[in-house]
Each structure stands twice: as C-alpha cells, then as structure tokens.
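First up is the structure itself, then whatever we jot down about it.
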Amino acid sequence: GVSATRCRNIWCTCNNHSNQVCKMISDPEVTNNARQLCSILLTSSEIADRDKGKNEEADRDKGKNEDLSKDLYQDLLAWALFANRKELAGVFWSKCENPLLTAIMASSVLKNMATKVHTGKDRKLHEDLTQHSRLFEKRALELQNILYDEDEKGCMSLVNSVDDIWGMSVGPIECAYENGMVDVIGHPCVQRLLSKIWYNDSAVQFPQWFKSLCCYGRGHRRFENMKKAWSSPAMTFAVHYFVVLVLLVIYSAFILMDIKSENALRGIGAYEFMLHFWILLDLLEEVLLLKELIQFSWILFIFIMCAGVLYHSNMYPHHYDMWPSHGTGAHYWRLWKIMSLPYWQIYGELFLDDLKGENNSNGSCTFIQSEWESDPSIERCVEYDWAIMIIAAIYMLLSNLLLVNLVIALFSYRFEEVQNNSDRLWKFWRYSIISDYSKRFPIPLNVPLHIFDVIRTLYRPKRAYDHKKCIDGTCLPFDLLIDIQSKHAARCLFEEKNEKTP
C-alpha cells in the first residue's frame with residue numbers, strides 16, 4: 001500500500017497564489033505515489049495482473065526528450081481528484097488525451113474514495129466525493145452520446161480499446177463494469193458492441209446467426225460468416241448448455257440406476273463417473289458466490305449451534321463421549337445430534353416429546369452410562385429439565401419470527417430493486433456473460449483447449465503494444481475519435497458552466 005506520508009505528498013500545498021508549476025510535476029517519486037494510489041483504488045481481478053511489468057519496461061525504453069504532456073495532465077487530474085477540486089479536475093480532464101476513459105476512471109476513483117470515507121463516518125466528505133463521482137459519470141455519458149452520434153463504429157471501437165491511464169492498462173467498458181457504472185454499460189453504443197461480439201460479427205440477431213451457422217445465403221461472404229458463427233461466444237454458450245442438458249439426463253440415470261449408499265467410493269459406475277467429471281470441469285470455469293445468502297446462512301448457523309449446545313447440555317448433562325472412537329463411523333458423532341434438533345425446528349418440527357423425555361419409555365434408549373458409551377448405536381435417554389422448554393420457546397421465537405422473516409424481507413427488497421431496474425441491470429450483467437463466454441471454452445473441451453491456449457501464448461512471438469481490446473471477437477477498425485475527444489470534452493465543460501449560470 002501507500003503510506004500516509006506519501007499520500008500527503010501527492011498534492012501541492014502552495015501558500016501563495018502565483019502562477020507556478022506544482023512541485024508534484026517535477027518529482028517522479030510523488031507522481032509514482034499518486035499513480036500507485038489510483039491503482040490501489042481501482043484494483044480488480046481483471047486489471048491488476050494485466051501485462052504485469054509492461055509499464056516498467058516501457059518507462060525504461062522512453063527517451064529523455066519524450067513529450068510528457070499526456071502524463072502531465074493525467075497527474076494534474078489525479079492531484080485534483082485527491083484534493084476534491086471539482087473545477088480544476090474538469091479543466092485537467094478536458095486536456096487529457098482520452099477523456100472518455102479518463103472520465104470513467106476518475107468517477108471510479110472518486111466512488112471508491114467515497115466508500116472508504118463512508119467507512120470512516122465522514123458523512124460530509126462522503127457526499128461531496130459521491131457528487132463529484134456522479135459528475136464525471138455524467139460527463140462520460142454525454143461524451144458517449146456525442147461520439148456515438150458522430151461515428152457509431154468508431155465509438156464502439158473506442159469503448160472497447162485498452163489505453164494506459166495512471167500506469168494502468170484498461171478499457172472504458174471494462175473499467176465501467178468493474179466499478180458498477182450501470183448507465184455507461186447500458187448505453188446503446190456498448191449494447192450494440194456486445195451484440196457484435198456475441199455473434200462474432202456474423203449476424204445482428206439470432207435468426208441471422210442461425211442462418212450463418214448453416215451457411216445459408218448468397219455471396220462469397222457466407223463461408224466467412226459461417227466460420228465466425230461457429231467460433232462465436234454464442235456457439236460456446238449453446239454447446240455448454242447442450243452439455244448441461246446431456247448431464248441432466250445422465251444424472252437422472254445415475255439417481256435411478258447407479259446410486260449406492262454403502263461403499264460408494266469402491267464401486268463408482270459409469271454414470272456417476274461422468275457426473276463427477278463434469279462437475280469438476282465446471283468448477284474449473286467458475287465459482288458462484290451468493291454473498292447475502294452466505295451471510296444469512298452464517299448467522300443462522302450460529303443460532304443453530306448455540307441452541308443445539310444449550311439443548312444438549314440440559315438434555316444430556318455430563319456427556320463426555322462426544323466423538324465415539326470404538327470403530328464407529330462419523331455419523332455417530334454428537335455434532336449431528338446437536339445440530340439436527342434446532343435445524344428441523346426452523347421448519348416447524350417441534351420435537352416436544354423428545355425435549356420432555358416422553359420417548360424414554362419406548363425402549364430405544366438407556367440411562368446406563370456404560371451401555372451408551374460402549375455401543376454408540378444405543379441412544380442415551382433424555383434427562384428432562386425445566387430450562388429446556390424455556391430455551392425452546394426463546395429459540396423458536398428468534399428463529400421463526402426474526403431470522404426467517406428477515407431473509408424473506410431481504411429477498412423481497414432485492415426482488416423489488418431488480419424489478420424496478422430490470423432493464424438497466426439486464427444490460428449491465430449482459431456484459432459479464434458475453435465477456436465470460438468470449439474467453440471460456442465449452443465443457444468438456446475446456447481442459448485440452450486451455451492447455452493449447454497456454455502453449456500458444458508462450459510460443460507466440462511478442463508484438464509491439466499498439467492496440468488492444470477489452471473483449472476479443474469483433475473486427476471493428478481502430479477508432480479515429482480519440483483525436484477529437486478533447487474538443488467534445490471542452491464542449492461538455494462549457495455546457496455545464498452555462499447550466500450553472502442563471
């Protein structure tokens with residue numbers, strides 16, 4: 001990380017108001033600290049490891065007389081963002097070489113700063129940084145509209161082009177997605193680009209893509225379109241879910257014909273082997289985490305364990321044999337007895353007869369310690385205590401009325417939130433699906449294809465870094481709009497000023 005001393009040295013604290021150059025610009029250490037801090041605020045799994053060491057090698061190859069105006073305005077913008085100087089940040093932003101990407105990154109930096117400030121309970125600064133972040137997001141959207149109206153294909157290529165800002169290689173749509181900028185991803189320019197990537201430039205809609213698969217049509221391009229269609233992310237998606245359908249059939253056959261309850265590891269059948277093999281390959285591709293459900297499950301687990309321990313300590317006092325070791329299996333551990341009773345009570349199974357010890361007379365349990373210790377299959381009889389019913393009453397109140405209703409309210413809130421923003425969220429998560437399937441291989445071919453891809457990457461000759469895309473799969477020409485962005489950025493600032501002037 002960056003130390004507090006370095007953070008304080010990032011921006012200039014000149015006491016006078018004379019027109020002098022900020023000391024930050026001439027101090028390489030301070031500018032590197034500022035870029036490092038921006039990198040920390042924008043760290044993501046996609047950006048952090050990209051082309052590691054590329055920037056260091058490029059810096060060593062730079063000549064001493066190279067024009068540094070591009071880095072100059074980027075560093076000044078970083079200073080203005082950390083100092084929360086809105087007007088100066090706008091001026092420096094309009095001077096940057098790639099204002100669209102810079103606006104998205106600036107908005108992301110400010111949003112992450114606001115999140116960290118909110119954690120520190122500085123409400124006023126949090127609101128200022130949030131408003132500043134929204135201002136840059138608004139500028140990015142306005143710039144998108146202007147550039148898309150001027151040149152549609154050029155704007156689609158621009159939002160998919162990787163550039164270097166503050167020493168990081170990132171593209172507009174990638175940075176916008178990583179930082180949750182829903183409206184930027186939902187812009188018609190990005191959505192049209194995603195459609196082209198999804199069908200690999202072979203079609204615009206599904207019927208056309210299906211015709212391209214079958215090489216239907218006229219002209220010399222139908223064979224080229226067929227090749228693109230078969231190598232498109234949409235085809236990877238179709239193959240993947242066809243395999244899922246086949247595995248569901250195999251799973252049904254495994255359940256009906258080949259399932260074993262005893263010694264399952266010794267005699268794995270063909271259906272079971274295919275099922276386990278597919279699950280393993282699928283886990284290599286993705287791991288899904290439901291954060292809110294996991295948090296609730298953890299709270300529920302704590303409640304279950306607390307109630308179970310209280311139940312067990314009162315029903316079976318002085319029970320020392322918690323882990324039977326007389327050649328018995330793990331299913332005789334007392335842990336399952338502790339967890340099972342409070343778990344099933346959540347679903348309305350009260351077990352009042354068991355709690356009161358009324359089932360002791362059925363002959364399935366014993367009060368003799370030597371018997372239930374020597375034979376774990378013999379259950380110990382319940383020793384009733386008045387505290388057991390009080391524990392049950394309190395636990396049922398908390399678990400059924402509070403926890404269960406809490407998770408119902410949580411999912412209801414999320415449902416309403418998604419329902420109200422369904423179109424915006426669909427467009428936003430559409431980027432994730434298309435980006436994922438543009439890089440993944442269909443199961444079960446993913447393992448050999450991944451190995452082949454690694455070997456090809458290792459032995460492929462290195463090329464000069466000239467133009468890189470966030471998502472491969474589209475052959476749009478390199479954009480020309482990057483040269484005229486500054487003009488439109490200045491226009492956005494002028495319109496903002498006119499709006500503020502009464």
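Ordered as shown in the structure tokens, chains take letters A, B, and onward, while each chain numbers its residues from 1 and ligands are numbered from 1 in the order shown.
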
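Look at Tyr316 in chain A: the protein and nucleic acid residues within 8 Å of it, using only C-alpha atoms and passing over chain neighbours fewer than 5 places away, are Arg380, Cys381, Val382 and Glu383 of chain A.
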
Quick one: everything within 12 Å of Leu352 in chain A, counting only C-alpha atoms, minus sequence neighbours fewer than 2 positions away in the same chain. Send it as an NGL selection string.
:A and (341-342 or 345 or 348-350 or 354-359 or 382 or 384 or 388-390 or 392-393)

Export, as an mmCIF file, in the first residue's frame, the selected residues with C-alpha atoms.
```cif
data_model
loop_
_atom_site.group_PDB
_atom_site.id
_atom_site.type_symbol
_atom_site.label_atom_id
_atom_site.label_comp_id
_atom_site.auth_asym_id
_atom_site.auth_seq_id
_atom_site.Cartn_x
_atom_site.Cartn_y
_atom_site.Cartn_z
ATOM 1 C CA LEU A 341 -32.870 -30.808 16.501
ATOM 2 C CA PRO A 342 -32.665 -26.963 16.263
ATOM 3 C CA GLN A 345 -37.345 -26.832 14.414
ATOM 4 C CA GLY A 348 -41.959 -26.366 12.373
ATOM 5 C CA GLU A 349 -40.926 -29.776 13.727
ATOM 6 C CA LEU A 350 -41.051 -29.018 17.476
ATOM 7 C CA ASP A 354 -38.105 -35.623 22.759
ATOM 8 C CA LEU A 355 -37.440 -32.454 24.728
ATOM 9 C CA LYS A 356 -39.607 -33.609 27.655
ATOM 10 C CA GLY A 357 -38.169 -37.142 27.604
ATOM 11 C CA GLU A 358 -41.551 -38.757 26.969
ATOM 12 C CA ASN A 359 -39.982 -41.157 24.425
ATOM 13 C CA VAL A 382 -33.139 -37.598 27.914
ATOM 14 C CA TYR A 384 -35.707 -33.572 31.461
ATOM 15 C CA ILE A 388 -35.211 -26.976 28.131
ATOM 16 C CA MET A 389 -38.698 -25.638 27.376
ATOM 17 C CA ILE A 390 -37.611 -22.054 28.060
ATOM 18 C CA ALA A 392 -37.027 -23.947 23.030
ATOM 19 C CA ALA A 393 -39.500 -21.072 23.390
#
```

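Here CA of Ser195 in chain A stands at a distance of 22.1 Å from CA of Ile104 in chain A.
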
Run DSSP on the backbone and give me the residues of range 221-452 of chain A it puts in alpha helix (DSSP H), as number ranges by chain.
A: 222-230, 233-253, 270-285, 291-315, 334-345, 352-356, 369-374, 386-396, 404-420, 422-437, 446-452

Near-Ala78 in chain A list (8 Å; only C-alpha atoms; drop same-chain fewer than 2 positions) as a compact mmCIF listing (two decimals) with C-alpha atoms, in the first residue's frame:
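Written file, out_1.txt:
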```
# COMPACT_ATOMS: atom_id res chain seq x y z
CA ALA A 34 -0.21 9.20 -6.95
CA ARG A 35 -0.43 6.60 -9.71
CA CYS A 38 -5.04 5.34 -8.13
CA GLN A 74 -3.22 12.89 -16.05
CA ASP A 75 -1.07 13.57 -12.97
CA LEU A 76 -2.65 17.00 -12.50
CA ALA A 80 -7.30 17.49 -8.34
CA LEU A 81 -9.25 14.30 -7.57
CA PHE A 82 -7.40 13.63 -4.32
```

Residues within 10 Å of Thr102 in chain A, only C-alpha atoms, excluding chain neighbours under 5 positions, as a PyMOL selection string
chain A and resi 74+77+93-94+96-97+107-108+136+140+163-166+171-172

Export, as a PDB file, in the first residue's frame, the selected residues with N, CA, C and O atoms.
```pdb
ATOM      1  N   GLN A  74      -2.700  13.994 -16.842  1.00  0.00           N
ATOM      2  CA  GLN A  74      -3.223  12.888 -16.050  1.00  0.00           C
ATOM      3  C   GLN A  74      -2.813  13.024 -14.572  1.00  0.00           C
ATOM      4  O   GLN A  74      -3.623  12.809 -13.674  1.00  0.00           O
ATOM      5  N   LEU A  77      -4.703  15.816 -12.996  1.00  0.00           N
ATOM      6  CA  LEU A  77      -6.062  15.367 -12.704  1.00  0.00           C
ATOM      7  C   LEU A  77      -6.088  14.522 -11.430  1.00  0.00           C
ATOM      8  O   LEU A  77      -7.000  14.662 -10.597  1.00  0.00           O
ATOM      9  N   TRP A  93      -9.171  17.327 -16.883  1.00  0.00           N
ATOM     10  CA  TRP A  93      -9.776  16.197 -17.599  1.00  0.00           C
ATOM     11  C   TRP A  93      -9.944  16.512 -19.077  1.00  0.00           C
ATOM     12  O   TRP A  93      -9.673  15.665 -19.934  1.00  0.00           O
ATOM     13  N   SER A  94     -10.394  17.722 -19.398  1.00  0.00           N
ATOM     14  CA  SER A  94     -10.610  18.083 -20.804  1.00  0.00           C
ATOM     15  C   SER A  94      -9.312  18.138 -21.589  1.00  0.00           C
ATOM     16  O   SER A  94      -9.334  18.066 -22.822  1.00  0.00           O
ATOM     17  N   CYS A  96      -6.815  15.911 -21.139  1.00  0.00           N
ATOM     18  CA  CYS A  96      -6.258  14.567 -21.269  1.00  0.00           C
ATOM     19  C   CYS A  96      -6.491  14.022 -22.680  1.00  0.00           C
ATOM     20  O   CYS A  96      -7.423  14.433 -23.373  1.00  0.00           O
ATOM     21  N   GLU A  97      -5.676  13.066 -23.062  1.00  0.00           N
ATOM     22  CA  GLU A  97      -5.725  12.554 -24.432  1.00  0.00           C
ATOM     23  C   GLU A  97      -6.946  11.683 -24.695  1.00  0.00           C
ATOM     24  O   GLU A  97      -7.460  11.637 -25.807  1.00  0.00           O
ATOM     25  N   SER A 107     -14.290   8.875 -12.213  1.00  0.00           N
ATOM     26  CA  SER A 107     -15.511   8.597 -11.469  1.00  0.00           C
ATOM     27  C   SER A 107     -15.333   7.387 -10.559  1.00  0.00           C
ATOM     28  O   SER A 107     -15.804   7.374  -9.414  1.00  0.00           O
ATOM     29  N   SER A 108     -14.614   6.380 -11.040  1.00  0.00           N
ATOM     30  CA  SER A 108     -14.380   5.177 -10.255  1.00  0.00           C
ATOM     31  C   SER A 108     -13.491   5.467  -9.053  1.00  0.00           C
ATOM     32  O   SER A 108     -13.735   4.962  -7.944  1.00  0.00           O
ATOM     33  N   PHE A 136     -18.481  13.150 -13.029  1.00  0.00           N
ATOM     34  CA  PHE A 136     -17.630  12.546 -14.048  1.00  0.00           C
ATOM     35  C   PHE A 136     -18.357  11.445 -14.808  1.00  0.00           C
ATOM     36  O   PHE A 136     -18.133  11.260 -16.003  1.00  0.00           O
ATOM     37  N   ALA A 140     -18.963  11.313 -18.831  1.00  0.00           N
ATOM     38  CA  ALA A 140     -18.691  10.141 -19.665  1.00  0.00           C
ATOM     39  C   ALA A 140     -19.897   9.782 -20.524  1.00  0.00           C
ATOM     40  O   ALA A 140     -19.758   9.462 -21.713  1.00  0.00           O
ATOM     41  N   ASP A 163      -6.258   1.435 -23.091  1.00  0.00           N
ATOM     42  CA  ASP A 163      -5.304   2.540 -23.104  1.00  0.00           C
ATOM     43  C   ASP A 163      -4.621   2.602 -21.739  1.00  0.00           C
ATOM     44  O   ASP A 163      -5.081   1.987 -20.776  1.00  0.00           O
ATOM     45  N   ASP A 164      -3.517   3.346 -21.663  1.00  0.00           N
ATOM     46  CA  ASP A 164      -2.758   3.493 -20.417  1.00  0.00           C
ATOM     47  C   ASP A 164      -3.130   4.800 -19.733  1.00  0.00           C
ATOM     48  O   ASP A 164      -2.903   5.880 -20.284  1.00  0.00           O
ATOM     49  N   ILE A 165      -3.709   4.685 -18.551  1.00  0.00           N
ATOM     50  CA  ILE A 165      -4.031   5.837 -17.711  1.00  0.00           C
ATOM     51  C   ILE A 165      -3.454   5.576 -16.316  1.00  0.00           C
ATOM     52  O   ILE A 165      -3.739   4.536 -15.716  1.00  0.00           O
ATOM     53  N   TRP A 166      -2.640   6.494 -15.828  1.00  0.00           N
ATOM     54  CA  TRP A 166      -2.019   6.365 -14.499  1.00  0.00           C
ATOM     55  C   TRP A 166      -1.257   5.045 -14.346  1.00  0.00           C
ATOM     56  O   TRP A 166      -1.261   4.408 -13.296  1.00  0.00           O
ATOM     57  N   GLY A 171      -9.668  -0.618 -20.444  1.00  0.00           N
ATOM     58  CA  GLY A 171     -10.580  -0.056 -21.415  1.00  0.00           C
ATOM     59  C   GLY A 171     -11.814   0.525 -20.756  1.00  0.00           C
ATOM     60  O   GLY A 171     -12.135   0.194 -19.612  1.00  0.00           O
ATOM     61  N   PRO A 172     -12.569   1.376 -21.469  1.00  0.00           N
ATOM     62  CA  PRO A 172     -13.737   2.036 -20.872  1.00  0.00           C
ATOM     63  C   PRO A 172     -14.798   1.071 -20.350  1.00  0.00           C
ATOM     64  O   PRO A 172     -15.260   1.206 -19.218  1.00  0.00           O
TER      65      PRO A 172
END
```

Do a neighbour search on Gly186 in chain A at 8 Å with only C-alpha atoms, toss out local chain neighbours closer than 3 positions, and write the hits as a ChimeraX atom specification.
/A:182-183,190-191,424,427-428

For the selection you just gave me, I'd like the residues written to a file as a PDB file, in the first residue's frame, keeping C-alpha atoms.
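Written file, again30.pdb:
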```pdb
ATOM      1  CA  VAL A 182     -24.709   0.652 -14.951  1.00  0.00           C
ATOM      2  CA  ASP A 183     -25.704   3.524 -17.257  1.00  0.00           C
ATOM      3  CA  VAL A 190     -21.949  -0.608 -25.664  1.00  0.00           C
ATOM      4  CA  GLN A 191     -25.006  -2.808 -26.158  1.00  0.00           C
ATOM      5  CA  ARG A 424     -30.715  -1.489 -16.736  1.00  0.00           C
ATOM      6  CA  LYS A 427     -27.870  -4.725 -19.868  1.00  0.00           C
ATOM      7  CA  PHE A 428     -25.212  -4.417 -17.195  1.00  0.00           C
TER       8      PHE A 428
END
```

Taking 4 positions as the minimum chain separation for residues in the same chain, which residues sit within 12 Å of range 406-414 of chain A when counting only C-alpha atoms? Answer as a list in words.
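In the requested format, the answer is Glu292, Leu293, Ile294, Gln295, Phe296, Ser297, Ile299, Leu300, Leu398, Ser399, Asn400, Leu401, Leu402, Val418, Gln419, Asn420, Asn421 and Ser422 of chain A.
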
Those same residues - N, CA, C and O atoms - I'd like them written as a compact mmCIF listing (two decimals), in the first residue's frame.
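Okay, result33.txt is ready:
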```
# COMPACT_ATOMS: atom_id res chain seq x y z
N GLU A 292 -25.00 -12.37 0.07
CA GLU A 292 -26.01 -12.10 1.09
C GLU A 292 -26.57 -13.39 1.68
O GLU A 292 -26.83 -13.47 2.89
N LEU A 293 -26.74 -14.42 0.84
CA LEU A 293 -27.25 -15.69 1.34
C LEU A 293 -26.23 -16.35 2.26
O LEU A 293 -26.59 -16.97 3.27
N ILE A 294 -24.95 -16.22 1.92
CA ILE A 294 -23.90 -16.79 2.77
C ILE A 294 -23.86 -16.07 4.11
O ILE A 294 -23.70 -16.69 5.18
N GLN A 295 -24.01 -14.75 4.11
CA GLN A 295 -24.04 -14.01 5.37
C GLN A 295 -25.20 -14.45 6.25
O GLN A 295 -25.05 -14.66 7.45
N PHE A 296 -26.37 -14.60 5.63
CA PHE A 296 -27.53 -15.06 6.41
C PHE A 296 -27.32 -16.48 6.92
O PHE A 296 -27.67 -16.81 8.06
N SER A 297 -26.74 -17.34 6.06
CA SER A 297 -26.51 -18.73 6.48
C SER A 297 -25.54 -18.79 7.65
O SER A 297 -25.69 -19.64 8.53
N ILE A 299 -25.17 -16.47 10.02
CA ILE A 299 -25.93 -16.07 11.21
C ILE A 299 -26.83 -17.21 11.67
O ILE A 299 -26.92 -17.52 12.87
N LEU A 300 -27.48 -17.87 10.72
CA LEU A 300 -28.36 -18.99 11.06
C LEU A 300 -27.57 -20.14 11.69
O LEU A 300 -28.03 -20.77 12.65
N LEU A 398 -36.93 -16.50 18.13
CA LEU A 398 -35.89 -15.81 17.37
C LEU A 398 -35.76 -16.36 15.94
O LEU A 398 -35.65 -15.60 14.98
N SER A 399 -35.77 -17.68 15.83
CA SER A 399 -35.52 -18.29 14.52
C SER A 399 -36.68 -18.11 13.56
O SER A 399 -36.48 -17.77 12.39
N ASN A 400 -37.90 -18.34 14.02
CA ASN A 400 -39.05 -18.29 13.11
C ASN A 400 -39.56 -16.88 12.87
O ASN A 400 -39.88 -16.51 11.73
N LEU A 401 -39.65 -16.09 13.93
CA LEU A 401 -40.23 -14.76 13.76
C LEU A 401 -39.21 -13.73 13.29
O LEU A 401 -39.57 -12.79 12.58
N LEU A 402 -37.96 -13.90 13.67
CA LEU A 402 -36.97 -12.89 13.31
C LEU A 402 -36.12 -13.31 12.12
O LEU A 402 -36.12 -12.64 11.07
N VAL A 418 -34.55 -5.18 -8.17
CA VAL A 418 -34.26 -5.72 -9.50
C VAL A 418 -35.42 -5.47 -10.45
O VAL A 418 -35.23 -5.15 -11.63
N GLN A 419 -36.65 -5.61 -9.95
CA GLN A 419 -37.82 -5.41 -10.79
C GLN A 419 -37.89 -3.98 -11.30
O GLN A 419 -38.22 -3.73 -12.46
N ASN A 420 -37.58 -3.01 -10.44
CA ASN A 420 -37.64 -1.61 -10.84
C ASN A 420 -36.53 -1.22 -11.80
O ASN A 420 -36.67 -0.26 -12.56
N ASN A 421 -35.41 -1.95 -11.75
CA ASN A 421 -34.28 -1.63 -12.62
C ASN A 421 -33.90 -2.82 -13.49
O ASN A 421 -32.72 -3.02 -13.79
N SER A 422 -34.90 -3.59 -13.87
CA SER A 422 -34.63 -4.85 -14.57
C SER A 422 -33.92 -4.63 -15.90
O SER A 422 -32.96 -5.33 -16.22
```

Contacts of Val204 in chain A at 12 Å or less, counting only C-alpha atoms, minus same-chain residues fewer than 2 places along, as an MDAnalysis selection string?
chainID A and resid 191:202 206:212 225 229 234

Output for the residues just chosen: C-alpha atoms as a CSV table (one decimal), in the first residue's frame:
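Printed below is again-v3.csv as written:
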```csv
chain,number,residue,atom,x,y,z
A,191,GLN,CA,-25.0,-2.8,-26.2
A,192,ARG,CA,-24.6,-2.8,-29.9
A,193,LEU,CA,-20.9,-3.7,-29.5
A,194,LEU,CA,-21.8,-6.6,-27.2
A,195,SER,CA,-24.3,-7.9,-29.8
A,196,LYS,CA,-21.5,-7.8,-32.4
A,197,ILE,CA,-19.1,-9.7,-30.1
A,198,TRP,CA,-21.8,-12.2,-29.1
A,199,TYR,CA,-22.3,-13.3,-32.7
A,200,ASN,CA,-18.7,-12.6,-33.7
A,201,ASP,CA,-19.6,-10.2,-36.4
A,202,SER,CA,-21.5,-12.9,-38.2
A,206,PHE,CA,-30.4,-14.8,-33.6
A,207,PRO,CA,-32.2,-15.8,-36.8
A,208,GLN,CA,-29.4,-14.4,-38.9
A,209,TRP,CA,-26.8,-16.1,-36.7
A,210,PHE,CA,-28.6,-19.4,-37.2
A,211,LYS,CA,-28.6,-19.0,-40.9
A,212,SER,CA,-24.9,-18.2,-40.8
A,225,ASN,CA,-19.8,-15.7,-41.8
A,229,ALA,CA,-20.7,-18.1,-36.3
A,234,ALA,CA,-23.0,-17.6,-28.7
```

Please extract the residues of range 219-450 of chain A with a backbone DSSP assignment of strand (DSSP E) and present them as JSON, numbers by chain.
{"A": [365, 366, 379, 380]}

What does the file look like for those residues with C-alpha atoms, as a PDB file, in the first residue's frame?
```
ATOM      1  CA  CYS A 365     -32.531 -45.592  24.885  1.00  0.00           C
ATOM      2  CA  THR A 366     -30.765 -46.242  28.180  1.00  0.00           C
ATOM      3  CA  GLU A 379     -29.070 -43.673  22.311  1.00  0.00           C
ATOM      4  CA  ARG A 380     -28.843 -42.064  25.734  1.00  0.00           C
TER       5      ARG A 380
END
```
